[in-house]
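Presented below is the structure to which this report refers.
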Amino acid sequence: MVTKSQTQIPLSLLILSICVVLIKGKNLALEVCVKAAVGAPNVLGDCPFSQRVLLTLVEKKVPYKLHLVNISNKPKWFLKVNPNGKVPLIKWGNKWIADSDVIVGILEKKYPYPSLTYRPDFASVGSKIFSSFTTFLISKNSSDGSEKVLLNELKALNEHLKEHGPYINGENISGLDLSLAPKLYHLVVALGHFKSWTIPKDLVYVNDYAKLVFSRESFVKTKADEKYVIAGWEAKVKG
């Protein structure tokens with residue numbers, strides 16, 4: 001006689017079985033187009049928006065096939081499927097989709113676990129740091145106030161992390177971190193190289209945050225080498 005307990009299948013095993021069937025039933029490797037490094041077309045480039053998409057894929061453990069696109073010499077097939085020529089680009093079914101905001105939104109909906117959602121009222125945290133950084137980086141006028149604007153944005157982030165950290169949304173990483181981290185990496189590398197500028201030490205929470213996100217396995221796997229970040233900004237800085 002078979003008892004009830006003997007016929008029950010553990011929920012975890014059932015879920016695993018379903019996942020295996022789904023994986024075997026279709027190819028889940030998504031095709032992703034990202035920027036190739038300046039001067040090294042076979043090496044991952046420095047686009048922070050491309051890294052945002054790659055970070056999302058890695059954090060969610062979604063298999064992907066990478067296409068490195070030489071921005072200065074875009075291949076014909078790439079321009080055919082994406083006439084505006086922008087990266088990142090992802091193939092979803094038979095359709096190519098651009099814009100990192102749109103792409104990560106789709107990924108969150110289609111692959112909800114682990115969740116990278118965040119509190120709506122935190123959505124704007126750190127959102128002005130990248131534009132403030134680029135203005136300061138290319139500025140040739142030390143008295144134009146661009147450094148102060150950037151410092152104010154970093155101070156605001158520091159206060160937020162002090163109250164809500166270690167990540168922007170609290171204890172767990174979210175899509176906000178995957179968007180900000182690549183931009184913060186560019187800030188640290190480019191300003192350090194071109195202006196010998198570093199994030200002030202008294203912004204303790206920002207500095208700790210940078211160390212935290214930069215050390216994640218997903219970030220290490222998807223970041224561009226520092227020399228390619230520098231190469232990517234050189235023309236704009238010296239132009």
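Ordering of the structure tokens sets the chain letters (A, B, ...); residue numbers start at 1 within each chain; ligands are numbered from 1 in the order shown.
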
If DSSP is run on the backbone, what residues of stretch 9-215 of chain A are strand (DSSP E or B)? A reply as JSON, numbers by chain would be ideal. {"A": [30, 31, 32, 33, 34, 35, 36, 37, 40, 41, 42, 43, 44, 64, 65, 66, 67, 68, 69, 89, 90, 91, 92, 95, 96, 97, 98, 167, 170]}

Keeping N, CA, C and O atoms for every residue in the selection just given, could you write it to a file as a short mmCIF file (atom, residue, chain, number, x, y, z; two decimals), in the first residue's frame?
```cif
data_model
loop_
_atom_site.label_atom_id
_atom_site.label_comp_id
_atom_site.auth_asym_id
_atom_site.auth_seq_id
_atom_site.Cartn_x
_atom_site.Cartn_y
_atom_site.Cartn_z
N LEU A 30 19.56 34.68 -25.00
CA LEU A 30 19.16 35.91 -25.67
C LEU A 30 20.35 36.55 -26.37
O LEU A 30 21.45 36.59 -25.83
N GLU A 31 20.12 37.06 -27.55
CA GLU A 31 21.18 37.75 -28.28
C GLU A 31 21.21 39.22 -27.85
O GLU A 31 20.19 39.90 -27.87
N VAL A 32 22.41 39.67 -27.49
CA VAL A 32 22.57 41.03 -26.97
C VAL A 32 23.70 41.74 -27.72
O VAL A 32 24.80 41.20 -27.84
N CYS A 33 23.42 42.93 -28.20
CA CYS A 33 24.44 43.75 -28.87
C CYS A 33 24.89 44.85 -27.92
O CYS A 33 24.06 45.60 -27.38
N VAL A 34 26.20 44.94 -27.70
CA VAL A 34 26.76 45.96 -26.82
C VAL A 34 27.97 46.60 -27.51
O VAL A 34 28.47 46.10 -28.52
N LYS A 35 28.43 47.67 -26.94
CA LYS A 35 29.55 48.40 -27.51
C LYS A 35 30.87 47.64 -27.34
O LYS A 35 31.17 47.12 -26.27
N ALA A 36 31.63 47.59 -28.43
CA ALA A 36 32.99 47.04 -28.37
C ALA A 36 33.93 48.14 -27.88
O ALA A 36 33.63 49.33 -27.99
N ALA A 37 35.07 47.75 -27.36
CA ALA A 37 36.03 48.72 -26.84
C ALA A 37 36.62 49.56 -27.96
O ALA A 37 36.82 49.09 -29.08
N ALA A 40 39.67 48.26 -29.88
CA ALA A 40 39.76 46.82 -29.65
C ALA A 40 38.38 46.21 -29.91
O ALA A 40 37.64 45.93 -28.96
N PRO A 41 38.02 46.03 -31.16
CA PRO A 41 36.66 45.59 -31.52
C PRO A 41 36.24 44.21 -31.04
O PRO A 41 35.06 43.88 -31.09
N ASN A 42 37.19 43.44 -30.54
CA ASN A 42 36.85 42.10 -30.03
C ASN A 42 36.82 42.04 -28.51
O ASN A 42 36.77 40.96 -27.91
N VAL A 43 36.82 43.23 -27.90
CA VAL A 43 36.83 43.32 -26.44
C VAL A 43 35.61 44.11 -25.97
O VAL A 43 35.18 45.06 -26.63
N LEU A 44 35.05 43.71 -24.85
CA LEU A 44 33.89 44.40 -24.29
C LEU A 44 34.19 45.87 -24.05
O LEU A 44 35.20 46.22 -23.45
N TYR A 64 22.91 34.34 -22.31
CA TYR A 64 22.89 35.29 -23.42
C TYR A 64 24.08 35.07 -24.34
O TYR A 64 25.11 34.54 -23.95
N LYS A 65 23.87 35.49 -25.59
CA LYS A 65 24.93 35.45 -26.59
C LYS A 65 25.32 36.89 -26.91
O LYS A 65 24.47 37.70 -27.28
N LEU A 66 26.60 37.19 -26.76
CA LEU A 66 27.07 38.57 -26.88
C LEU A 66 27.54 38.90 -28.29
O LEU A 66 28.29 38.15 -28.91
N HIS A 67 27.08 40.05 -28.81
CA HIS A 67 27.57 40.59 -30.07
C HIS A 67 28.27 41.93 -29.76
O HIS A 67 27.62 42.86 -29.28
N LEU A 68 29.57 42.00 -30.01
CA LEU A 68 30.31 43.25 -29.80
C LEU A 68 30.22 44.09 -31.06
O LEU A 68 30.57 43.63 -32.15
N VAL A 69 29.76 45.33 -30.90
CA VAL A 69 29.55 46.22 -32.04
C VAL A 69 30.57 47.33 -32.04
O VAL A 69 30.68 48.10 -31.07
N LEU A 89 21.20 46.55 -27.49
CA LEU A 89 20.12 46.03 -28.32
C LEU A 89 19.95 44.56 -27.96
O LEU A 89 20.94 43.86 -27.77
N ILE A 90 18.72 44.11 -27.85
CA ILE A 90 18.47 42.71 -27.49
C ILE A 90 17.44 42.12 -28.43
O ILE A 90 16.52 42.81 -28.87
N LYS A 91 17.62 40.85 -28.76
CA LYS A 91 16.67 40.18 -29.63
C LYS A 91 15.66 39.41 -28.78
O LYS A 91 16.02 38.54 -28.01
N TRP A 92 14.40 39.77 -28.95
CA TRP A 92 13.34 39.11 -28.22
C TRP A 92 12.40 38.46 -29.22
O TRP A 92 11.67 39.13 -29.91
N LYS A 95 12.12 39.97 -32.83
CA LYS A 95 12.19 41.44 -32.81
C LYS A 95 13.42 41.92 -32.03
O LYS A 95 13.75 41.40 -30.97
N TRP A 96 14.09 42.91 -32.59
CA TRP A 96 15.22 43.53 -31.91
C TRP A 96 14.71 44.75 -31.16
O TRP A 96 13.99 45.59 -31.71
N ILE A 97 15.11 44.86 -29.89
CA ILE A 97 14.62 45.93 -29.03
C ILE A 97 15.79 46.74 -28.49
O ILE A 97 16.77 46.19 -27.98
N ALA A 98 15.69 48.07 -28.61
CA ALA A 98 16.73 48.97 -28.12
C ALA A 98 16.26 49.68 -26.85
O ALA A 98 15.11 49.53 -26.44
N TYR A 167 22.44 49.14 -0.12
CA TYR A 167 22.08 49.41 -1.50
C TYR A 167 21.03 50.52 -1.54
O TYR A 167 20.49 50.91 -0.49
N GLY A 170 17.86 49.32 -0.10
CA GLY A 170 17.94 48.66 1.19
C GLY A 170 18.95 47.54 1.23
O GLY A 170 20.07 47.66 0.72
#
```

So which residues touch A:Phe133 within 10 Å, counting only C-alpha atoms, skipping near sequence neighbours fewer than 6 positions away, as a VMD selection string? chain A and resid 139 146 to 147 149 to 151 153 to 154 183 to 184 186 to 188 190 to 191

So that I can check the secondary structure, give me every residue of stretch 28-146 of chain A assigned alpha helix (DSSP H) by backbone DSSP, as number ranges by chain. A: 48-59, 76-81, 100-110, 129-138, 146

Excluding same-chain residues fewer than 3 positions from A:Pro63, what lies within 9 Å of it counting only C-alpha atoms, as a ChimeraX atom specification? /A:28-30,57-58

Atoms to include: N, CA, C and O atoms. Write the selected residues as an mmCIF file, in the first residue's frame.
```cif
data_model
loop_
_atom_site.group_PDB
_atom_site.id
_atom_site.type_symbol
_atom_site.label_atom_id
_atom_site.label_comp_id
_atom_site.auth_asym_id
_atom_site.auth_seq_id
_atom_site.Cartn_x
_atom_site.Cartn_y
_atom_site.Cartn_z
ATOM 1 N N LEU A 28 16.930 29.570 -24.570
ATOM 2 C CA LEU A 28 16.769 30.761 -23.753
ATOM 3 C C LEU A 28 17.942 31.732 -23.867
ATOM 4 O O LEU A 28 17.972 32.733 -23.175
ATOM 5 N N ALA A 29 18.920 31.424 -24.700
ATOM 6 C CA ALA A 29 20.068 32.315 -24.849
ATOM 7 C C ALA A 29 19.647 33.540 -25.657
ATOM 8 O O ALA A 29 19.385 33.457 -26.854
ATOM 9 N N LEU A 30 19.563 34.681 -25.000
ATOM 10 C CA LEU A 30 19.155 35.911 -25.669
ATOM 11 C C LEU A 30 20.346 36.554 -26.374
ATOM 12 O O LEU A 30 21.449 36.588 -25.828
ATOM 13 N N LEU A 57 21.048 40.667 -16.820
ATOM 14 C CA LEU A 57 21.053 39.284 -17.298
ATOM 15 C C LEU A 57 21.830 38.370 -16.354
ATOM 16 O O LEU A 57 21.380 37.264 -16.028
ATOM 17 N N VAL A 58 22.982 38.823 -15.915
ATOM 18 C CA VAL A 58 23.820 38.000 -15.039
ATOM 19 C C VAL A 58 23.168 37.825 -13.667
ATOM 20 O O VAL A 58 23.142 36.715 -13.121
#
```

Tell me, in Å to one decimal, how far atom CA of A:Val189 is from atom CA of A:Val229.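 Between atom CA of A:Val189 and atom CA of A:Val229 the gap is 7.1 Å.
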
With distances taken over only C-alpha atoms, which residue among A:Gly175, A:Gly145, A:Gly45, A:Gly192 lies nearest A:Pro120? A:Gly175

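Atom CA of A:Ala181 sits 17.3 Å away from atom CA of A:Trp233.
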
I'd like the interatomic distance between atom CA of A:Phe219 and atom CA of A:Pro200, to a tenth of an Å.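 If I compute the distance from atom CA of A:Phe219 to atom CA of A:Pro200, I get 22.9 Å.
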
Restricting the calculation to only C-alpha atoms: of A:Leu137, A:Leu157, A:Pro88, A:Phe194, which residue gets closest to A:Val102? A:Pro88

Can you pull out every residue within 12 Å of A:Lys162, counting only C-alpha atoms, but drop anything in the same chain fewer than 3 positions away, and send it as a list in words?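 The residues satisfying every condition are Lys155, Ala156, Leu157, Asn158, Glu159, Gly165, Pro166, Tyr167, Ile168, Asn169, Gly170, Leu203, Val204, Tyr205, Val206, Asn207, Asp208 and Tyr209 of chain A.
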
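Residue nearest A:Lys236, chosen from A:Phe136, A:Tyr118, A:Leu107, A:Thr222 and counting only C-alpha atoms: A:Phe136.
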